[in-house]
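Asker: Dropping in data_12.txt, with compact mmCIF, C-alpha atoms and all ligand atoms.
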# COMPACT_ATOMS: atom_id res chain seq x y z
CA MET L 1 98.10 121.98 -50.17
CA ILE L 2 98.76 124.28 -53.15
CA ILE L 3 97.07 122.92 -56.25
CA ALA L 4 97.61 124.12 -59.83
CA LEU L 5 95.34 123.38 -62.75
CA VAL L 6 97.02 123.05 -66.14
CA PRO L 7 94.15 123.12 -68.63
CA GLY L 8 94.16 122.51 -72.35
CA SER L 9 92.80 120.71 -75.34
CA PHE L 10 95.83 118.39 -75.56
CA ASP L 11 94.65 117.02 -78.91
CA PRO L 12 97.20 115.46 -78.81
CA PRO L 13 99.62 116.19 -75.93
CA THR L 14 103.03 117.40 -77.16
CA LYS L 15 106.47 117.65 -75.61
CA GLY L 16 105.73 121.36 -75.16
CA HIS L 17 102.73 120.58 -72.94
CA LEU L 18 104.74 118.09 -70.92
CA ASP L 19 107.53 120.62 -70.44
CA VAL L 20 105.01 122.98 -68.81
CA VAL L 21 103.57 120.22 -66.61
CA GLU L 22 107.07 119.15 -65.53
CA ARG L 23 107.95 122.74 -64.54
CA CYS L 24 104.82 122.82 -62.37
CA THR L 25 105.67 119.60 -60.54
CA GLY L 26 108.47 121.38 -58.66
CA LEU L 27 106.37 124.43 -57.84
CA PHE L 28 103.08 123.05 -56.57
CA ASP L 29 102.05 120.29 -54.16
CA GLN L 30 99.63 118.92 -56.68
CA VAL L 31 99.30 119.49 -60.40
CA VAL L 32 95.99 118.67 -62.05
CA VAL L 33 96.13 118.41 -65.83
CA GLY L 34 92.62 119.27 -67.04
CA VAL L 35 91.64 118.02 -70.48
CA VAL L 36 88.77 120.11 -71.78
CA HIS L 37 85.82 118.14 -73.09
CA ASN L 38 83.90 120.42 -75.42
CA PRO L 39 80.88 118.54 -76.85
CA SER L 40 80.52 121.10 -79.67
CA LYS L 41 83.99 120.30 -81.05
CA THR L 42 85.20 117.18 -82.82
CA PRO L 43 88.76 116.52 -81.68
CA LEU L 44 90.98 113.86 -83.24
CA PHE L 45 91.14 112.05 -79.89
CA THR L 46 88.26 111.71 -77.43
CA ALA L 47 88.64 113.25 -73.99
CA GLU L 48 89.10 109.74 -72.54
CA GLU L 49 91.87 108.97 -75.04
CA ARG L 50 93.63 112.25 -74.29
CA VAL L 51 93.38 111.60 -70.54
CA GLU L 52 94.82 108.10 -71.01
CA MET L 53 97.71 109.39 -73.13
CA LEU L 54 98.51 112.11 -70.59
CA GLN L 55 98.29 109.68 -67.67
CA ALA L 56 100.84 107.46 -69.38
CA CYS L 57 103.09 110.44 -70.18
CA CYS L 58 102.92 111.81 -66.62
CA LYS L 59 103.26 108.53 -64.74
CA GLY L 60 106.77 109.44 -63.55
CA TRP L 61 105.49 112.49 -61.68
CA PRO L 62 103.72 111.39 -58.48
CA ASN L 63 102.10 114.77 -57.81
CA VAL L 64 100.35 114.93 -61.19
CA ARG L 65 96.73 113.87 -61.73
CA VAL L 66 95.01 113.92 -65.10
CA GLU L 67 91.27 114.34 -65.58
CA SER L 68 88.80 115.81 -68.04
CA PHE L 69 86.31 118.57 -67.39
CA GLU L 70 83.36 120.16 -69.10
CA GLY L 71 82.14 123.73 -68.69
CA LEU L 72 83.94 126.77 -67.36
CA LEU L 73 87.58 126.50 -66.41
CA VAL L 74 87.12 128.66 -63.32
CA ASP L 75 84.29 126.41 -62.09
CA HIS L 76 86.52 123.37 -62.41
CA ALA L 77 89.42 125.15 -60.70
CA THR L 78 87.12 126.08 -57.79
CA LYS L 79 85.73 122.55 -57.60
CA ILE L 80 89.17 120.97 -57.24
CA GLY L 81 90.53 123.70 -54.94
CA ALA L 82 93.02 125.12 -57.43
CA LYS L 83 93.64 128.83 -57.07
CA THR L 84 96.23 128.85 -59.83
CA VAL L 85 95.76 128.11 -63.51
CA VAL L 86 98.99 127.58 -65.42
CA LYS L 87 99.38 127.93 -69.18
CA GLY L 88 102.46 127.78 -71.39
CA LEU L 89 103.53 130.72 -73.52
CA ARG L 90 105.49 129.87 -76.64
CA ALA L 91 105.83 133.30 -78.17
CA VAL L 92 104.33 136.76 -78.13
CA THR L 93 101.63 135.51 -80.50
CA ASP L 94 100.23 133.34 -77.69
CA PHE L 95 100.08 136.32 -75.39
CA ASP L 96 97.12 138.07 -77.08
CA TYR L 97 94.91 135.02 -76.76
CA GLU L 98 96.10 134.00 -73.31
CA ILE L 99 95.78 137.45 -71.73
CA GLN L 100 92.22 137.71 -73.04
CA MET L 101 91.32 134.34 -71.55
CA SER L 102 93.01 135.09 -68.24
CA GLN L 103 91.21 138.43 -67.94
CA MET L 104 87.88 136.80 -68.74
CA ASN L 105 88.63 134.15 -66.14
CA ARG L 106 89.50 136.88 -63.64
CA HIS L 107 86.18 138.56 -64.44
CA LEU L 108 84.38 135.25 -63.86
CA SER L 109 86.23 134.45 -60.65
CA GLY L 110 88.56 136.79 -58.80
CA ASP L 111 89.81 133.82 -56.78
CA VAL L 112 91.59 132.14 -59.68
CA VAL L 113 95.00 133.49 -60.71
CA SER L 114 96.53 132.73 -64.12
CA LEU L 115 100.26 132.11 -64.27
CA PHE L 116 102.26 131.73 -67.48
CA VAL L 117 105.28 129.51 -67.99
CA ALA L 118 107.61 130.17 -70.90
CA THR L 119 108.10 126.99 -72.89
CA LYS L 120 111.54 125.73 -73.86
CA PRO L 121 112.70 127.68 -76.94
CA GLU L 122 113.00 124.46 -78.94
CA PHE L 123 109.25 123.94 -78.51
CA GLY L 124 108.39 127.50 -79.56
CA TYR L 125 106.99 126.42 -82.93
CA LEU L 126 105.22 123.33 -81.61
CA SER L 127 101.44 123.05 -81.56
CA SER L 128 98.97 120.19 -81.54
CA SER L 129 97.46 121.44 -84.81
CA LEU L 130 100.82 121.43 -86.62
CA VAL L 131 101.68 118.01 -85.17
CA LYS L 132 98.40 116.64 -86.57
CA GLU L 133 99.02 118.23 -89.96
CA VAL L 134 102.57 116.87 -90.20
CA ALA L 135 101.42 113.39 -89.09
CA ARG L 136 98.48 113.47 -91.51
CA LEU L 137 100.84 114.29 -94.39
CA GLY L 138 103.24 111.50 -93.49
CA GLY L 139 106.00 113.54 -91.80
CA SER L 140 107.80 112.39 -88.68
CA VAL L 141 106.58 113.76 -85.35
CA ASP L 142 108.94 111.61 -83.30
CA ASP L 143 110.86 114.60 -81.91
CA LEU L 144 107.70 116.53 -81.10
CA VAL L 145 105.52 114.14 -79.12
CA PRO L 146 106.19 111.20 -76.75
CA PRO L 147 106.45 107.79 -78.51
CA LEU L 148 103.00 106.62 -77.36
CA VAL L 149 101.41 109.74 -78.86
CA ALA L 150 103.33 109.27 -82.13
CA GLU L 151 102.02 105.70 -82.21
CA ALA L 152 98.44 106.84 -81.53
CA LEU L 153 98.71 109.42 -84.33
CA LYS L 154 99.95 106.75 -86.75
CA GLU L 155 97.03 104.48 -85.85
CA ARG L 156 94.44 107.24 -86.09
CA LEU L 157 95.72 108.89 -89.26
CA GLY L 158 97.09 105.87 -91.07
O1 LIG F 201 95.00 124.09 -75.23
P1 LIG F 201 94.09 125.24 -75.48
O2 LIG F 201 93.14 124.91 -76.60
O3 LIG F 201 94.81 126.53 -75.66
O4 LIG F 201 93.20 125.39 -74.14
C1 LIG F 201 92.12 126.29 -74.10
C2 LIG F 201 91.33 126.09 -72.82
C3 LIG F 201 90.88 124.64 -72.66
C4 LIG F 201 92.16 126.45 -71.62
C5 LIG F 201 90.09 127.02 -72.90
O5 LIG F 201 89.40 126.76 -74.08
C6 LIG F 201 89.15 126.88 -71.72
O6 LIG F 201 89.43 127.37 -70.65
N1 LIG F 201 88.02 126.16 -71.93
C7 LIG F 201 87.03 125.96 -70.90
C8 LIG F 201 85.77 126.81 -71.14
C9 LIG F 201 85.94 128.20 -70.54
O7 LIG F 201 86.14 128.38 -69.36
N2 LIG F 201 85.88 129.21 -71.43
C10 LIG F 201 86.09 130.58 -71.04
C11 LIG F 201 87.57 130.87 -70.92
S1 LIG F 201 87.92 132.52 -71.15
Please re-express this file's structure in structure tokens.
Answerer:
Amino acid sequence: MIIALVPGSFDPPTKGHLDVVERCTGLFDQVVVGVVHNPSKTPLFTAEERVEMLQACCKGWPNVRVESFEGLLVDHATKIGAKTVVKGLRAVTDFDYEIQMSQMNRHLSGDVVSLFVATKPEFGYLSSSLVKEVARLGGSVDDLVPPLVAEALKERLG
């Protein structure tokens, strides 16, 4: 069984994230979406809320499981038997950050391989931070996030 871990903050999940997860569903036997729970950060949505949103968004993909994790990514990958970590790349600006993380992860565990998936061009400008800012300022995020996430943003941000 080939398992991939797709980690992230997902605060909140966007259509860009889901595009990456969907691409993985056809490549791996099992795809584990790992929501990072970092107790030193204050996200807009709790890890439980992010897991619930992602579970609802991914319910059409039988080989996807969503869970949260704390601590090192490579430790979680090893724990669940994932040798591959998949991240989306929107543009060259993501590359600097992602290559640094993947090399650090390789230093921490030579068993875990990072793979990068290019996001759809139409999601190249999309980020959770911008989605939150637009929603906070009253703009529409309907094209950027699934309806249940748009609803959750409206409830949380008024
Ligand atoms: O969606 P993001 O914020 O780009 O995801 C970043 C994430 C969660 C993949 C990264 O912060 C992470 O791996 N966190 C777990 C802690 C860890 O292993 N840190 C060292 C990585 S170099």
Asker: In Å to one decimal, how far is CA of Val33 in chain L from CA of Asp142 in chain L?
Answerer: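 Interatomic distance here is 22.7 Å.
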Asker: Neighbours of ligand LIG 201 (chain F) within 10 Å, counting all atoms listed in the file, as a ChimeraX atom specification?
Answerer: /L:5-13,17,34-38,69-77,85-89,94,97-108,127-129
Asker: Give me the residues near Asp143 in chain L as an MDAnalysis selection string, where near means some atom within 12 Å (using all atoms listed in the file) and where sequence neighbours in that chain fewer than 2 positions away do not count.
Answerer: chainID L and resid 14:16 122:123 126 131 134:135 139:141 145:147 149:150
Asker: Considering all atoms listed in the file, can you say which of L:Lys83, L:Arg136, L:Lys154, L:Lys59 comes closest to Asp111 in chain L?
Answerer: L:Lys83
Asker: If you measure from CA of Tyr125 in chain L to CA of Leu54 in chain L, what distance in Å do you get, rounded to one decimal?
Answerer: 20.7 Å
Asker: Between L:Pro62, L:Thr84, L:Met1, L:Leu44, which residue has the minimum interatomic distance to Glu133 in chain L, considering all atoms listed in the file?
Answerer: L:Leu44
Asker: How many Å separate CA of Val117 in chain L from CA of Glu67 in chain L?
Answerer: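 CA of Val117 in chain L sits 20.8 Å away from CA of Glu67 in chain L.
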Asker: All heavy atoms for range 56-67 of chain L, written as a PDB file, keeping the file's coordinate frame, could you do that?
Answerer:
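Output contents, as saved in result-v2.pdb:
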ATOM      1  N   ALA L  56      99.647 108.264 -69.073  1.00  0.00           N
ATOM      2  CA  ALA L  56     100.840 107.460 -69.380  1.00  0.00           C
ATOM      3  C   ALA L  56     102.076 108.355 -69.448  1.00  0.00           C
ATOM      4  O   ALA L  56     103.142 107.993 -68.939  1.00  0.00           O
ATOM      5  CB  ALA L  56     100.633 106.716 -70.701  1.00  0.00           C
ATOM      6  N   CYS L  57     101.930 109.532 -70.039  1.00  0.00           N
ATOM      7  CA  CYS L  57     103.090 110.440 -70.180  1.00  0.00           C
ATOM      8  C   CYS L  57     103.545 111.002 -68.836  1.00  0.00           C
ATOM      9  O   CYS L  57     104.708 111.351 -68.668  1.00  0.00           O
ATOM     10  CB  CYS L  57     102.741 111.630 -71.086  1.00  0.00           C
ATOM     11  SG  CYS L  57     102.361 111.197 -72.783  1.00  0.00           S
ATOM     12  N   CYS L  58     102.610 111.147 -67.904  1.00  0.00           N
ATOM     13  CA  CYS L  58     102.920 111.810 -66.620  1.00  0.00           C
ATOM     14  C   CYS L  58     103.160 110.814 -65.495  1.00  0.00           C
ATOM     15  O   CYS L  58     103.262 111.224 -64.326  1.00  0.00           O
ATOM     16  CB  CYS L  58     101.766 112.749 -66.214  1.00  0.00           C
ATOM     17  SG  CYS L  58     101.467 114.081 -67.374  1.00  0.00           S
ATOM     18  N   LYS L  59     103.243 109.518 -65.825  1.00  0.00           N
ATOM     19  CA  LYS L  59     103.260 108.530 -64.740  1.00  0.00           C
ATOM     20  C   LYS L  59     104.520 108.629 -63.855  1.00  0.00           C
ATOM     21  O   LYS L  59     104.513 108.175 -62.719  1.00  0.00           O
ATOM     22  CB  LYS L  59     103.007 107.121 -65.251  1.00  0.00           C
ATOM     23  CG  LYS L  59     104.064 106.518 -66.122  1.00  0.00           C
ATOM     24  CD  LYS L  59     103.697 105.057 -66.398  1.00  0.00           C
ATOM     25  CE  LYS L  59     104.818 104.298 -67.027  1.00  0.00           C
ATOM     26  NZ  LYS L  59     105.063 104.568 -68.432  1.00  0.00           N
ATOM     27  N   GLY L  60     105.546 109.263 -64.348  1.00  0.00           N
ATOM     28  CA  GLY L  60     106.770 109.440 -63.550  1.00  0.00           C
ATOM     29  C   GLY L  60     106.695 110.581 -62.550  1.00  0.00           C
ATOM     30  O   GLY L  60     107.628 110.784 -61.772  1.00  0.00           O
ATOM     31  N   TRP L  61     105.619 111.344 -62.578  1.00  0.00           N
ATOM     32  CA  TRP L  61     105.490 112.490 -61.680  1.00  0.00           C
ATOM     33  C   TRP L  61     104.362 112.213 -60.682  1.00  0.00           C
ATOM     34  O   TRP L  61     103.177 112.327 -61.009  1.00  0.00           O
ATOM     35  CB  TRP L  61     105.173 113.766 -62.479  1.00  0.00           C
ATOM     36  CG  TRP L  61     106.226 114.122 -63.483  1.00  0.00           C
ATOM     37  CD1 TRP L  61     107.575 114.078 -63.303  1.00  0.00           C
ATOM     38  CD2 TRP L  61     106.025 114.563 -64.842  1.00  0.00           C
ATOM     39  NE1 TRP L  61     108.224 114.466 -64.458  1.00  0.00           N
ATOM     40  CE2 TRP L  61     107.307 114.768 -65.405  1.00  0.00           C
ATOM     41  CE3 TRP L  61     104.898 114.802 -65.619  1.00  0.00           C
ATOM     42  CZ2 TRP L  61     107.473 115.205 -66.724  1.00  0.00           C
ATOM     43  CZ3 TRP L  61     105.057 115.242 -66.925  1.00  0.00           C
ATOM     44  CH2 TRP L  61     106.336 115.438 -67.469  1.00  0.00           C
ATOM     45  N   PRO L  62     104.739 111.836 -59.436  1.00  0.00           N
ATOM     46  CA  PRO L  62     103.720 111.390 -58.480  1.00  0.00           C
ATOM     47  C   PRO L  62     102.710 112.468 -58.090  1.00  0.00           C
ATOM     48  O   PRO L  62     101.607 112.138 -57.645  1.00  0.00           O
ATOM     49  CB  PRO L  62     104.533 110.945 -57.258  1.00  0.00           C
ATOM     50  CG  PRO L  62     105.951 111.276 -57.512  1.00  0.00           C
ATOM     51  CD  PRO L  62     106.113 111.744 -58.916  1.00  0.00           C
ATOM     52  N   ASN L  63     103.056 113.732 -58.226  1.00  0.00           N
ATOM     53  CA  ASN L  63     102.100 114.770 -57.810  1.00  0.00           C
ATOM     54  C   ASN L  63     101.246 115.307 -58.967  1.00  0.00           C
ATOM     55  O   ASN L  63     100.664 116.379 -58.868  1.00  0.00           O
ATOM     56  CB  ASN L  63     102.793 115.928 -57.055  1.00  0.00           C
ATOM     57  CG  ASN L  63     103.836 116.644 -57.904  1.00  0.00           C
ATOM     58  OD1 ASN L  63     104.301 116.099 -58.890  1.00  0.00           O
ATOM     59  ND2 ASN L  63     104.184 117.851 -57.514  1.00  0.00           N
ATOM     60  N   VAL L  64     101.176 114.522 -60.051  1.00  0.00           N
ATOM     61  CA  VAL L  64     100.350 114.930 -61.190  1.00  0.00           C
ATOM     62  C   VAL L  64      99.136 114.008 -61.320  1.00  0.00           C
ATOM     63  O   VAL L  64      99.264 112.779 -61.247  1.00  0.00           O
ATOM     64  CB  VAL L  64     101.145 114.918 -62.508  1.00  0.00           C
ATOM     65  CG1 VAL L  64     100.246 115.255 -63.698  1.00  0.00           C
ATOM     66  CG2 VAL L  64     102.304 115.905 -62.441  1.00  0.00           C
ATOM     67  N   ARG L  65      97.971 114.618 -61.487  1.00  0.00           N
ATOM     68  CA  ARG L  65      96.730 113.870 -61.730  1.00  0.00           C
ATOM     69  C   ARG L  65      96.153 114.396 -63.037  1.00  0.00           C
ATOM     70  O   ARG L  65      96.248 115.586 -63.318  1.00  0.00           O
ATOM     71  CB  ARG L  65      95.784 114.178 -60.570  1.00  0.00           C
ATOM     72  CG  ARG L  65      94.484 113.463 -60.591  1.00  0.00           C
ATOM     73  CD  ARG L  65      93.681 113.750 -59.321  1.00  0.00           C
ATOM     74  NE  ARG L  65      92.741 114.848 -59.503  1.00  0.00           N
ATOM     75  CZ  ARG L  65      92.523 115.799 -58.613  1.00  0.00           C
ATOM     76  NH1 ARG L  65      93.189 115.818 -57.469  1.00  0.00           N
ATOM     77  NH2 ARG L  65      91.634 116.752 -58.846  1.00  0.00           N
ATOM     78  N   VAL L  66      95.588 113.499 -63.821  1.00  0.00           N
ATOM     79  CA  VAL L  66      95.010 113.920 -65.100  1.00  0.00           C
ATOM     80  C   VAL L  66      93.522 113.610 -65.088  1.00  0.00           C
ATOM     81  O   VAL L  66      93.113 112.515 -64.677  1.00  0.00           O
ATOM     82  CB  VAL L  66      95.665 113.175 -66.296  1.00  0.00           C
ATOM     83  CG1 VAL L  66      95.139 113.713 -67.620  1.00  0.00           C
ATOM     84  CG2 VAL L  66      97.191 113.293 -66.251  1.00  0.00           C
ATOM     85  N   GLU L  67      92.725 114.574 -65.522  1.00  0.00           N
ATOM     86  CA  GLU L  67      91.270 114.340 -65.580  1.00  0.00           C
ATOM     87  C   GLU L  67      90.683 115.221 -66.662  1.00  0.00           C
ATOM     88  O   GLU L  67      91.328 116.170 -67.130  1.00  0.00           O
ATOM     89  CB  GLU L  67      90.633 114.653 -64.217  1.00  0.00           C
ATOM     90  CG  GLU L  67      90.806 116.089 -63.777  1.00  0.00           C
ATOM     91  CD  GLU L  67      90.493 116.304 -62.288  1.00  0.00           C
ATOM     92  OE1 GLU L  67      90.539 115.333 -61.507  1.00  0.00           O
ATOM     93  OE2 GLU L  67      90.197 117.455 -61.936  1.00  0.00           O
TER      94      GLU L  67
END
